[in-house]
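The structure file protein22.csv is reproduced below (CSV, C-alpha atoms).
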```
chain,number,residue,atom,x,y,z
A,74,MET,CA,119.7,41.7,-13.4
A,75,LYS,CA,116.5,40.1,-12.1
A,76,ALA,CA,115.6,36.5,-12.8
A,77,ALA,CA,112.8,34.1,-11.8
A,78,TYR,CA,114.5,31.1,-10.2
A,79,LEU,CA,112.9,27.7,-9.8
A,80,VAL,CA,114.0,26.9,-6.3
A,81,ARG,CA,111.8,23.9,-5.4
A,82,TYR,CA,109.6,21.4,-7.3
A,83,GLY,CA,105.9,21.6,-6.8
A,84,THR,CA,103.0,24.0,-7.2
A,85,ALA,CA,103.6,27.3,-8.9
A,86,SER,CA,103.0,29.3,-5.7
A,87,GLN,CA,105.9,27.6,-3.9
A,88,ALA,CA,108.3,27.0,-6.8
A,89,PHE,CA,109.7,30.4,-7.9
A,90,GLU,CA,111.7,33.3,-6.4
A,91,ILE,CA,112.8,36.5,-8.0
A,92,ARG,CA,116.5,37.0,-7.4
A,93,GLU,CA,119.3,39.4,-8.4
A,94,THR,CA,122.1,37.8,-10.4
A,95,GLU,CA,124.9,38.8,-12.7
A,96,ILE,CA,124.2,39.5,-16.4
A,97,PRO,CA,125.7,36.6,-18.3
A,98,THR,CA,128.5,37.0,-20.9
A,99,PRO,CA,127.9,35.6,-24.4
A,100,SER,CA,130.3,33.1,-25.8
A,101,PRO,CA,131.8,33.8,-29.2
A,102,SER,CA,128.7,32.2,-31.0
A,103,GLN,CA,126.1,33.7,-28.7
A,104,ILE,CA,124.1,36.9,-28.4
A,105,LEU,CA,123.0,38.6,-25.2
A,106,ILE,CA,119.3,39.6,-25.3
A,107,GLN,CA,117.6,42.2,-23.2
A,108,VAL,CA,114.3,40.4,-22.7
A,109,GLU,CA,111.1,42.1,-23.6
A,110,GLY,CA,109.0,39.0,-22.9
A,111,PHE,CA,109.3,35.2,-22.6
A,112,GLY,CA,106.9,32.5,-23.4
A,113,LEU,CA,105.5,29.7,-21.3
A,114,ASN,CA,105.5,26.1,-22.6
A,115,PHE,CA,104.1,23.0,-21.1
A,116,ALA,CA,107.7,21.8,-20.7
A,117,ASP,CA,108.0,24.6,-18.1
A,118,VAL,CA,105.3,23.0,-16.1
A,119,MET,CA,106.9,19.6,-16.4
A,120,ALA,CA,110.3,21.1,-15.3
A,121,ARG,CA,108.6,22.8,-12.3
A,122,LEU,CA,107.2,19.5,-11.2
A,123,GLY,CA,110.6,17.8,-11.5
A,124,LEU,CA,109.5,15.7,-14.5
A,125,TYR,CA,111.6,17.2,-17.3
A,126,LYS,CA,114.7,15.1,-17.8
A,127,GLY,CA,116.8,17.8,-19.6
A,128,ALA,CA,116.2,20.6,-17.1
A,129,PRO,CA,119.1,21.9,-15.0
A,130,PRO,CA,119.2,21.3,-11.3
A,131,ASN,CA,117.7,23.8,-8.9
A,132,PRO,CA,118.1,26.7,-8.4
A,133,ALA,CA,117.4,27.0,-12.1
A,134,ILE,CA,116.2,29.7,-14.6
A,135,LEU,CA,113.7,28.1,-16.9
A,136,GLY,CA,112.6,29.5,-20.3
A,137,TYR,CA,113.0,28.3,-23.8
A,138,ASP,CA,111.9,31.3,-25.9
A,139,VAL,CA,112.3,35.1,-25.7
A,140,VAL,CA,111.7,38.3,-27.6
A,141,GLY,CA,113.9,41.3,-27.0
A,142,ARG,CA,116.8,43.4,-28.3
A,143,VAL,CA,120.4,42.4,-28.8
A,144,ALA,CA,122.5,43.9,-26.0
A,145,LYS,CA,125.8,42.3,-27.0
A,146,CYS,CA,127.2,40.0,-29.6
A,147,GLY,CA,129.8,37.3,-29.3
A,148,THR,CA,133.0,37.7,-31.2
A,149,ASP,CA,132.0,35.2,-33.9
A,150,VAL,CA,128.5,36.6,-34.5
A,151,VAL,CA,128.2,38.5,-37.8
A,152,ASP,CA,124.4,38.4,-38.5
A,153,PHE,CA,123.2,40.7,-35.7
A,154,GLU,CA,124.0,44.1,-34.3
A,155,GLN,CA,123.3,45.7,-31.0
A,156,GLY,CA,119.7,47.0,-30.9
A,157,ASP,CA,118.3,44.4,-33.3
A,158,ARG,CA,114.8,43.1,-32.2
A,159,VAL,CA,115.0,39.3,-32.2
A,160,ILE,CA,113.2,36.1,-31.2
A,161,ALA,CA,115.4,33.3,-29.9
A,162,LEU,CA,115.4,29.8,-28.5
A,163,THR,CA,117.3,30.0,-25.2
A,164,ARG,CA,117.5,26.4,-24.0
A,165,PHE,CA,116.8,27.6,-20.4
A,166,GLY,CA,117.6,31.0,-19.0
A,167,GLY,CA,114.7,32.8,-20.5
A,168,TYR,CA,113.0,33.8,-17.3
A,169,ALA,CA,115.4,36.7,-16.8
A,170,GLU,CA,115.9,40.4,-17.8
A,171,TYR,CA,118.9,39.2,-19.9
A,172,ALA,CA,119.2,35.9,-21.7
A,173,LEU,CA,121.8,34.1,-23.9
A,174,ALA,CA,121.0,32.5,-27.2
A,175,GLU,CA,123.0,31.0,-30.0
A,176,GLY,CA,123.0,33.2,-33.0
A,177,PHE,CA,121.9,30.4,-35.3
A,178,VAL,CA,118.6,29.9,-33.4
A,179,SER,CA,117.8,33.6,-33.3
A,180,GLN,CA,116.0,35.6,-36.0
A,181,ARG,CA,115.1,39.3,-36.4
A,182,VAL,CA,111.4,40.2,-36.2
A,183,PRO,CA,109.5,43.3,-37.2
A,184,GLU,CA,109.3,46.2,-34.8
A,185,ASP,CA,105.5,46.3,-35.0
A,186,LEU,CA,105.0,42.6,-34.2
A,187,PRO,CA,103.5,42.4,-30.6
A,188,PRO,CA,105.8,40.5,-28.1
A,189,GLY,CA,103.3,37.7,-27.6
A,190,GLU,CA,102.9,37.0,-31.3
A,191,ALA,CA,106.7,37.2,-31.7
A,192,VAL,CA,107.6,34.8,-29.0
A,193,ALA,CA,104.9,32.3,-30.2
A,194,LEU,CA,106.8,32.1,-33.5
A,195,SER,CA,110.1,31.0,-31.9
A,196,THR,CA,108.7,27.9,-30.2
A,197,GLN,CA,105.1,27.0,-30.9
A,198,TYR,CA,105.1,27.9,-34.6
A,199,CYS,CA,108.6,26.7,-35.2
A,200,THR,CA,107.6,23.4,-33.6
A,201,ALA,CA,104.5,23.2,-35.7
A,202,TYR,CA,106.4,23.9,-38.9
A,203,PHE,CA,109.0,21.3,-38.1
A,204,LEU,CA,106.3,18.7,-37.3
A,205,SER,CA,104.0,19.5,-40.2
A,206,HIS,CA,106.4,20.4,-43.0
A,207,LEU,CA,109.7,18.8,-42.3
A,208,MET,CA,108.6,15.6,-40.6
A,209,ALA,CA,105.0,14.8,-41.6
A,210,ASN,CA,105.4,16.3,-45.1
A,211,LEU,CA,101.8,17.5,-44.9
A,212,GLN,CA,100.0,17.5,-48.3
A,213,GLN,CA,97.1,19.2,-49.8
A,214,LYS,CA,93.7,17.8,-48.5
A,215,ASP,CA,95.3,15.4,-46.1
A,216,ARG,CA,93.1,14.1,-43.3
A,217,VAL,CA,94.7,15.2,-40.0
A,218,LEU,CA,93.9,14.8,-36.3
A,219,ILE,CA,95.4,17.5,-34.1
A,220,HIS,CA,95.2,16.9,-30.3
A,221,ALA,CA,95.2,19.9,-28.0
A,222,ALA,CA,94.2,21.9,-31.0
A,223,ALA,CA,93.4,25.1,-29.1
A,224,GLY,CA,96.8,25.2,-27.4
A,225,GLY,CA,99.9,27.0,-28.6
A,226,VAL,CA,101.3,24.4,-31.0
A,227,GLY,CA,97.8,23.1,-31.8
A,228,THR,CA,96.7,26.6,-33.0
A,229,ALA,CA,99.8,26.8,-35.2
A,230,LEU,CA,99.2,23.3,-36.6
A,231,VAL,CA,95.6,24.2,-37.4
A,232,GLN,CA,96.7,27.3,-39.3
A,233,MET,CA,99.3,25.3,-41.3
A,234,ALA,CA,96.8,22.5,-42.0
A,235,LYS,CA,94.2,25.0,-43.1
A,236,ALA,CA,96.7,26.6,-45.5
A,237,LYS,CA,97.0,23.1,-47.1
A,238,ASN,CA,93.2,22.7,-47.4
A,239,CYS,CA,93.3,19.7,-45.1
A,240,ILE,CA,90.3,18.0,-43.5
A,241,ILE,CA,91.0,18.8,-39.8
A,242,PHE,CA,89.8,16.9,-36.7
A,243,GLY,CA,90.8,18.8,-33.5
A,244,THR,CA,90.4,17.8,-29.9
A,245,CYS,CA,89.9,20.1,-27.0
A,246,GLY,CA,88.2,20.1,-23.5
A,247,SER,CA,85.6,22.8,-23.4
A,248,ALA,CA,82.7,24.4,-25.2
A,249,GLU,CA,84.6,27.6,-25.4
A,250,LYS,CA,87.5,25.9,-27.1
A,251,ILE,CA,85.1,24.1,-29.5
A,252,ALA,CA,83.8,27.6,-30.6
A,253,TYR,CA,87.4,28.8,-31.0
A,254,LEU,CA,88.3,25.8,-33.2
A,255,GLU,CA,85.2,26.3,-35.3
A,256,GLN,CA,86.2,29.9,-35.9
A,257,ALA,CA,89.7,28.9,-36.7
A,258,GLY,CA,88.5,26.6,-39.5
A,259,VAL,CA,88.5,23.2,-37.9
A,260,GLN,CA,85.8,21.2,-39.7
A,261,HIS,CA,85.5,18.6,-37.0
A,262,PRO,CA,86.2,19.9,-33.4
A,263,ILE,CA,85.9,17.2,-30.7
A,264,ASN,CA,85.3,17.8,-27.0
A,265,TYR,CA,87.2,14.8,-25.6
A,266,ARG,CA,85.3,15.2,-22.3
A,267,LYS,CA,82.0,14.4,-24.0
A,268,GLU,CA,83.0,12.4,-27.1
A,269,ASP,CA,85.3,9.5,-28.0
A,270,PHE,CA,87.6,11.0,-30.6
A,271,VAL,CA,88.2,7.5,-32.1
A,272,GLU,CA,84.5,7.0,-32.7
A,273,VAL,CA,84.0,10.5,-34.1
A,274,VAL,CA,86.9,10.1,-36.6
A,275,ARG,CA,85.8,6.7,-37.8
A,276,LYS,CA,82.2,7.8,-38.2
A,277,VAL,CA,83.0,11.0,-40.1
A,278,SER,CA,85.7,9.3,-42.2
A,279,SER,CA,83.5,6.4,-43.2
A,280,GLY,CA,86.4,4.0,-42.8
A,281,HIS,CA,89.1,6.1,-44.5
A,282,GLY,CA,92.2,6.3,-42.4
A,283,LEU,CA,93.9,9.4,-41.3
A,284,ASP,CA,97.0,10.7,-43.1
A,285,VAL,CA,98.6,12.5,-40.1
A,286,VAL,CA,98.0,12.5,-36.3
A,287,PHE,CA,99.8,15.2,-34.1
A,288,ASP,CA,99.9,14.0,-30.5
A,289,PRO,CA,101.4,16.0,-27.5
A,290,ILE,CA,99.5,13.9,-25.0
A,291,GLY,CA,101.2,10.5,-25.0
A,292,GLY,CA,100.1,7.3,-23.4
A,293,LYS,CA,96.9,5.6,-24.7
A,294,SER,CA,96.1,8.5,-27.1
A,295,VAL,CA,99.2,7.5,-29.2
A,296,LYS,CA,98.0,3.9,-29.3
A,297,GLN,CA,94.5,5.0,-30.3
A,298,GLY,CA,95.8,7.4,-32.9
A,299,PHE,CA,98.1,4.8,-34.5
A,300,LYS,CA,95.0,2.6,-35.1
A,301,LEU,CA,93.3,5.4,-37.0
A,302,LEU,CA,96.1,5.8,-39.6
A,303,GLY,CA,95.5,4.8,-43.2
A,304,ALA,CA,98.1,3.5,-45.6
A,305,GLY,CA,100.9,6.0,-45.8
A,306,GLY,CA,99.7,7.6,-42.5
A,307,ARG,CA,102.1,8.7,-39.8
A,308,ILE,CA,101.6,9.7,-36.1
A,309,LEU,CA,103.9,12.3,-34.6
A,310,SER,CA,104.4,12.1,-30.8
A,311,TYR,CA,105.9,15.2,-29.4
A,312,GLY,CA,104.9,15.5,-25.8
A,313,LEU,CA,103.7,13.8,-22.6
A,314,SER,CA,101.1,16.1,-21.1
A,315,SER,CA,99.1,13.1,-19.8
A,316,MET,CA,102.0,12.5,-17.4
A,317,ASN,CA,101.0,15.6,-15.6
A,318,GLN,CA,97.6,14.1,-14.6
A,319,THR,CA,99.1,11.7,-12.2
A,320,SER,CA,101.4,12.5,-9.2
A,321,ASN,CA,102.8,9.1,-8.3
A,322,ILE,CA,105.4,6.9,-10.0
A,323,PHE,CA,103.0,4.0,-10.6
A,324,GLY,CA,100.6,6.3,-12.4
A,325,LYS,CA,103.5,7.6,-14.6
A,326,LEU,CA,104.6,4.1,-15.4
A,327,LYS,CA,101.1,3.3,-16.4
A,328,VAL,CA,101.0,6.2,-18.8
A,329,LEU,CA,104.3,4.9,-20.4
A,330,GLY,CA,102.9,1.4,-20.7
A,331,GLN,CA,99.7,2.7,-22.4
A,332,PHE,CA,101.8,3.8,-25.4
A,333,GLY,CA,101.7,0.2,-26.4
A,334,PHE,CA,104.4,-2.0,-27.9
A,335,TYR,CA,105.1,-2.2,-31.6
A,336,HIS,CA,106.8,-4.5,-33.9
A,337,PRO,CA,108.4,-3.3,-37.2
A,338,VAL,CA,106.0,-5.6,-39.1
A,339,GLN,CA,103.1,-3.5,-37.9
A,340,PHE,CA,104.6,-0.5,-39.7
A,341,LEU,CA,105.5,-2.5,-42.8
A,342,SER,CA,102.3,-4.4,-43.2
A,343,GLY,CA,100.0,-1.4,-42.7
A,344,SER,CA,102.4,1.1,-44.4
A,345,ARG,CA,102.1,3.3,-41.3
A,346,GLY,CA,104.8,5.2,-39.4
A,347,MET,CA,105.4,6.6,-36.0
A,348,ILE,CA,107.8,9.6,-35.4
A,349,GLY,CA,109.0,10.9,-32.0
A,350,VAL,CA,110.0,14.6,-31.8
A,351,ASN,CA,112.0,16.3,-29.1
A,352,MET,CA,112.7,19.9,-30.2
A,353,LEU,CA,115.6,20.4,-27.7
A,354,LYS,CA,117.3,17.3,-29.2
A,355,VAL,CA,116.7,18.7,-32.7
A,356,ALA,CA,118.1,22.1,-31.7
A,357,ASP,CA,121.2,20.4,-30.2
A,358,ASP,CA,121.9,18.0,-33.1
A,359,ASN,CA,120.5,19.8,-36.2
A,360,PRO,CA,120.1,23.5,-35.4
A,361,ARG,CA,120.0,24.5,-39.1
A,362,LYS,CA,116.6,22.9,-39.3
A,363,ILE,CA,115.4,25.0,-36.4
A,364,ALA,CA,116.8,28.1,-38.0
A,365,TYR,CA,115.1,27.2,-41.3
A,366,ALA,CA,111.7,26.6,-39.5
A,367,MET,CA,112.0,30.0,-37.7
A,368,GLN,CA,112.7,31.8,-41.0
A,369,LYS,CA,109.7,30.1,-42.7
A,370,VAL,CA,107.2,31.0,-39.9
A,371,ILE,CA,108.3,34.6,-39.9
A,372,GLU,CA,107.9,34.7,-43.7
A,373,MET,CA,104.5,33.0,-43.5
A,374,THR,CA,103.4,35.5,-40.9
A,375,SER,CA,104.5,38.5,-43.0
A,376,GLN,CA,102.5,37.0,-45.9
A,377,GLY,CA,99.4,36.7,-43.7
A,378,ILE,CA,99.3,32.9,-43.9
A,379,LEU,CA,99.9,32.6,-40.2
A,380,LYS,CA,98.5,34.7,-37.4
A,381,PRO,CA,99.9,33.9,-33.9
A,382,PHE,CA,97.2,33.9,-31.3
A,383,VAL,CA,98.1,35.1,-27.8
A,384,GLY,CA,95.9,33.6,-25.1
A,385,GLY,CA,97.3,35.4,-22.1
A,386,GLU,CA,99.7,38.2,-21.2
A,387,PHE,CA,101.1,38.5,-17.7
A,388,SER,CA,103.7,40.6,-15.9
A,389,ILE,CA,106.7,39.0,-14.2
A,390,ASN,CA,104.9,39.6,-10.9
A,391,GLN,CA,102.2,37.3,-12.2
A,392,LEU,CA,104.4,34.4,-13.1
A,393,VAL,CA,102.6,32.1,-10.6
A,394,GLU,CA,99.2,33.0,-12.1
A,395,ALA,CA,100.6,32.4,-15.6
A,396,HIS,CA,101.8,28.9,-14.7
A,397,GLU,CA,98.5,28.1,-13.0
A,398,TYR,CA,96.6,29.3,-16.1
A,399,LEU,CA,98.7,27.1,-18.4
A,400,GLU,CA,98.4,24.1,-16.1
A,401,SER,CA,94.6,24.5,-15.8
A,402,ARG,CA,94.3,23.6,-19.4
A,403,LYS,CA,91.9,26.5,-19.9
A,404,SER,CA,94.4,28.5,-21.9
A,405,MET,CA,94.3,28.9,-25.7
A,406,GLY,CA,97.2,30.0,-27.9
A,407,LYS,CA,100.4,31.4,-26.6
A,408,ILE,CA,101.1,32.7,-23.0
A,409,VAL,CA,103.7,35.4,-22.7
A,410,VAL,CA,105.2,37.0,-19.5
A,411,LYS,CA,106.6,40.5,-19.9
A,412,TRP,CA,109.2,42.4,-17.8
```
Could I get this structure in the form of structure tokens?
Amino acid sequence: MKAAYLVRYGTASQAFEIRETEIPTPSPSQILIQVEGFGLNFADVMARLGLYKGAPPNPAILGYDVVGRVAKCGTDVVDFEQGDRVIALTRFGGYAEYALAEGFVSQRVPEDLPPGEAVALSTQYCTAYFLSHLMANLQQKDRVLIHAAAGGVGTALVQMAKAKNCIIFGTCGSAEKIAYLEQAGVQHPINYRKEDFVEVVRKVSSGHGLDVVFDPIGGKSVKQGFKLLGAGGRILSYGLSSMNQTSNIFGKLKVLGQFGFYHPVQFLSGSRGMIGVNMLKVADDNPRKIAYAMQKVIEMTSQGILKPFVGGEFSINQLVEAHEYLESRKSMGKIVVKW
């Protein structure tokens, strides 16, 4: 089979090589998937730059989410049959014509669901459901701030918050994305390049604190978001995209320092909380929650509550362009690469 290997850290143009390799054999609990398409996630960019702690050493096959057909089942797998169309979390190995996935983090999807929309459900929408429903316990008419609201997870969070009739603040970095967020139902879109989101939230909220902040950026934005929480509010930190904006170790240490330092009394006295989320850790330690989230987003999509938005489709020969597009921060929604 063919696979896109990460062979060196750095820019997308120098990082990948398409190589021939053997088709992997599933363990008893795994399924082998003939890949129709795989998704790009910002964690892929971090891994390509050598900044993702959990990534395998080079040469490595990246990729966390795929859509395709079951080619073979492990001996203990009873929920799938050869030929089933599925989405799956692969925990690396997705940038290939065939990929392995544990049966418990795989789900059947309808035949008529486009590959980009399908693969968005497995990671972005699954992540958004875990964040909003299982961790934040999002309630009707909550006041929420969603950073990177036009991105893959951000788009999913907007749809889930809208379904709860929430008052939504959403940050993004261009006029085009502002228009996209307005159309998506965000009442208060904020262009962070032109406005201070802290000032906008405080002005619009008239002093009322936020109920939930979703932050994939890290650094000072977490510190600022924590200060915007009201009683019972919680901030969910689930990424470090700001780390990508600096190339030296001192800059990266600065980003980590900008998170701030917290004492338990701050959480107690203000009745506020901070939750860190690493979906790979969740998948390793509590896969039943991942399976549940995947089931729910497929169900909500079939009911018309969710509508995955695909912001870019690329062929495997355009993998470099796909990475560059994601890294440019111009992308919206999910990016999918097809074989």
Problem - For Ile251 (chain A), the nearest of the candidates A:Met405, A:Pro360, A:Lys293, A:Gly176, counting all atoms listed in the file - result: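 Selected residue with least distance to Ile251 (chain A): A:Met405.
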Handout entry: Computed interatomic separation between CA of Ala174 (chain A) and CA of Ser102 (chain A) (Å)
Key =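 So the two atoms, CA of Ala174 (chain A) and CA of Ser102 (chain A), lie 8.6 Å apart.
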Handout entry: Nearest candidate to Val273 (chain A) (options A:Val409, A:Val178, A:Ile160, A:Leu218; using only C-alpha atoms)
Key = A:Leu218
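Using only C-alpha atoms, the nearest neighbour of Ser404 (chain A) within the list A:Ser344, A:Gln297, A:Thr374, A:Thr228 is A:Thr228.
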Practice task
Find the residue from A:Ala76, A:Val150, A:Val140, A:Leu392 that sits nearest to Pro183 (chain A); use all atoms listed in the file when measuring.
Solution key: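 Comparing A:Ala76, A:Val150, A:Val140, A:Leu392 against Pro183 (chain A), the winner is A:Val140.
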Handout entry: Point-to-point distance in Å for CA of Ile96 (chain A) and CA of Gln391 (chain A)
Key =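 Computing it gives 22.5 Å between the two atoms.
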Handout entry: Non-local contacts of region 187-204 of chain A (7 Å; all atoms listed in the file; under 3 positions in same chain excluded) as a list in words
Key =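 In the requested form, the answer reads Gly110, Phe111, Gly112, Asp138, Val139, Val140, Ile160, Ala161, Leu162, Leu207, Met208, Ala209, Gly225, Val226, Ala229, Leu230, Ala366, Met367, Val370, Pro381, Phe382, Val383, Lys407 and Val409 of chain A.
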Exercise for the section: Determine, counting all atoms listed in the file, which protein, DNA and RNA residues have an atom within 9 Å of an atom of Leu211 (chain A); residues of the same chain fewer than 5 positions away are not included. Present the result as a list in words. Expected result: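 My reading of the contact set: Leu204, Ser205, His206, Val217, Met233, Ala234, Lys237, Cys239, Asp284 and Val285 of chain A.
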Practice task
Return the single residue from A:Leu283, A:Leu301, A:Ala223, A:Ala128 that is closest to Ile263 (chain A), with distances computed using all atoms listed in the file.
Solution key: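 The shortest atom-to-atom distance to Ile263 (chain A) comes from A:Ala223.
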Handout entry: Given all atoms listed in the file as the counted atoms, nearest of A:Gly243, A:Gly166, A:Pro99, A:Gly305 to Tyr137 (chain A)
Key =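 Looking at the shortest contact to Tyr137 (chain A), the residue is A:Gly166.
Picture a line from CA of Gly312 (chain A) to CA of Ala85 (chain A); it runs 20.7 Å.
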Practice task
Write out as a ChimeraX atom specification the residues lying within 10 Å of Asp152 (chain A), counting all atoms listed in the file and excluding same-chain residues fewer than 6 positions away.
Solution key: /A:146,176-177,179-181
Handout entry: Protein/DNA/RNA residues near (137.8, 32.1, -33.7), cut 10 Å, all atoms listed in the file, as a PyMOL selection string
Key = chain A and resi 101-102+148-149
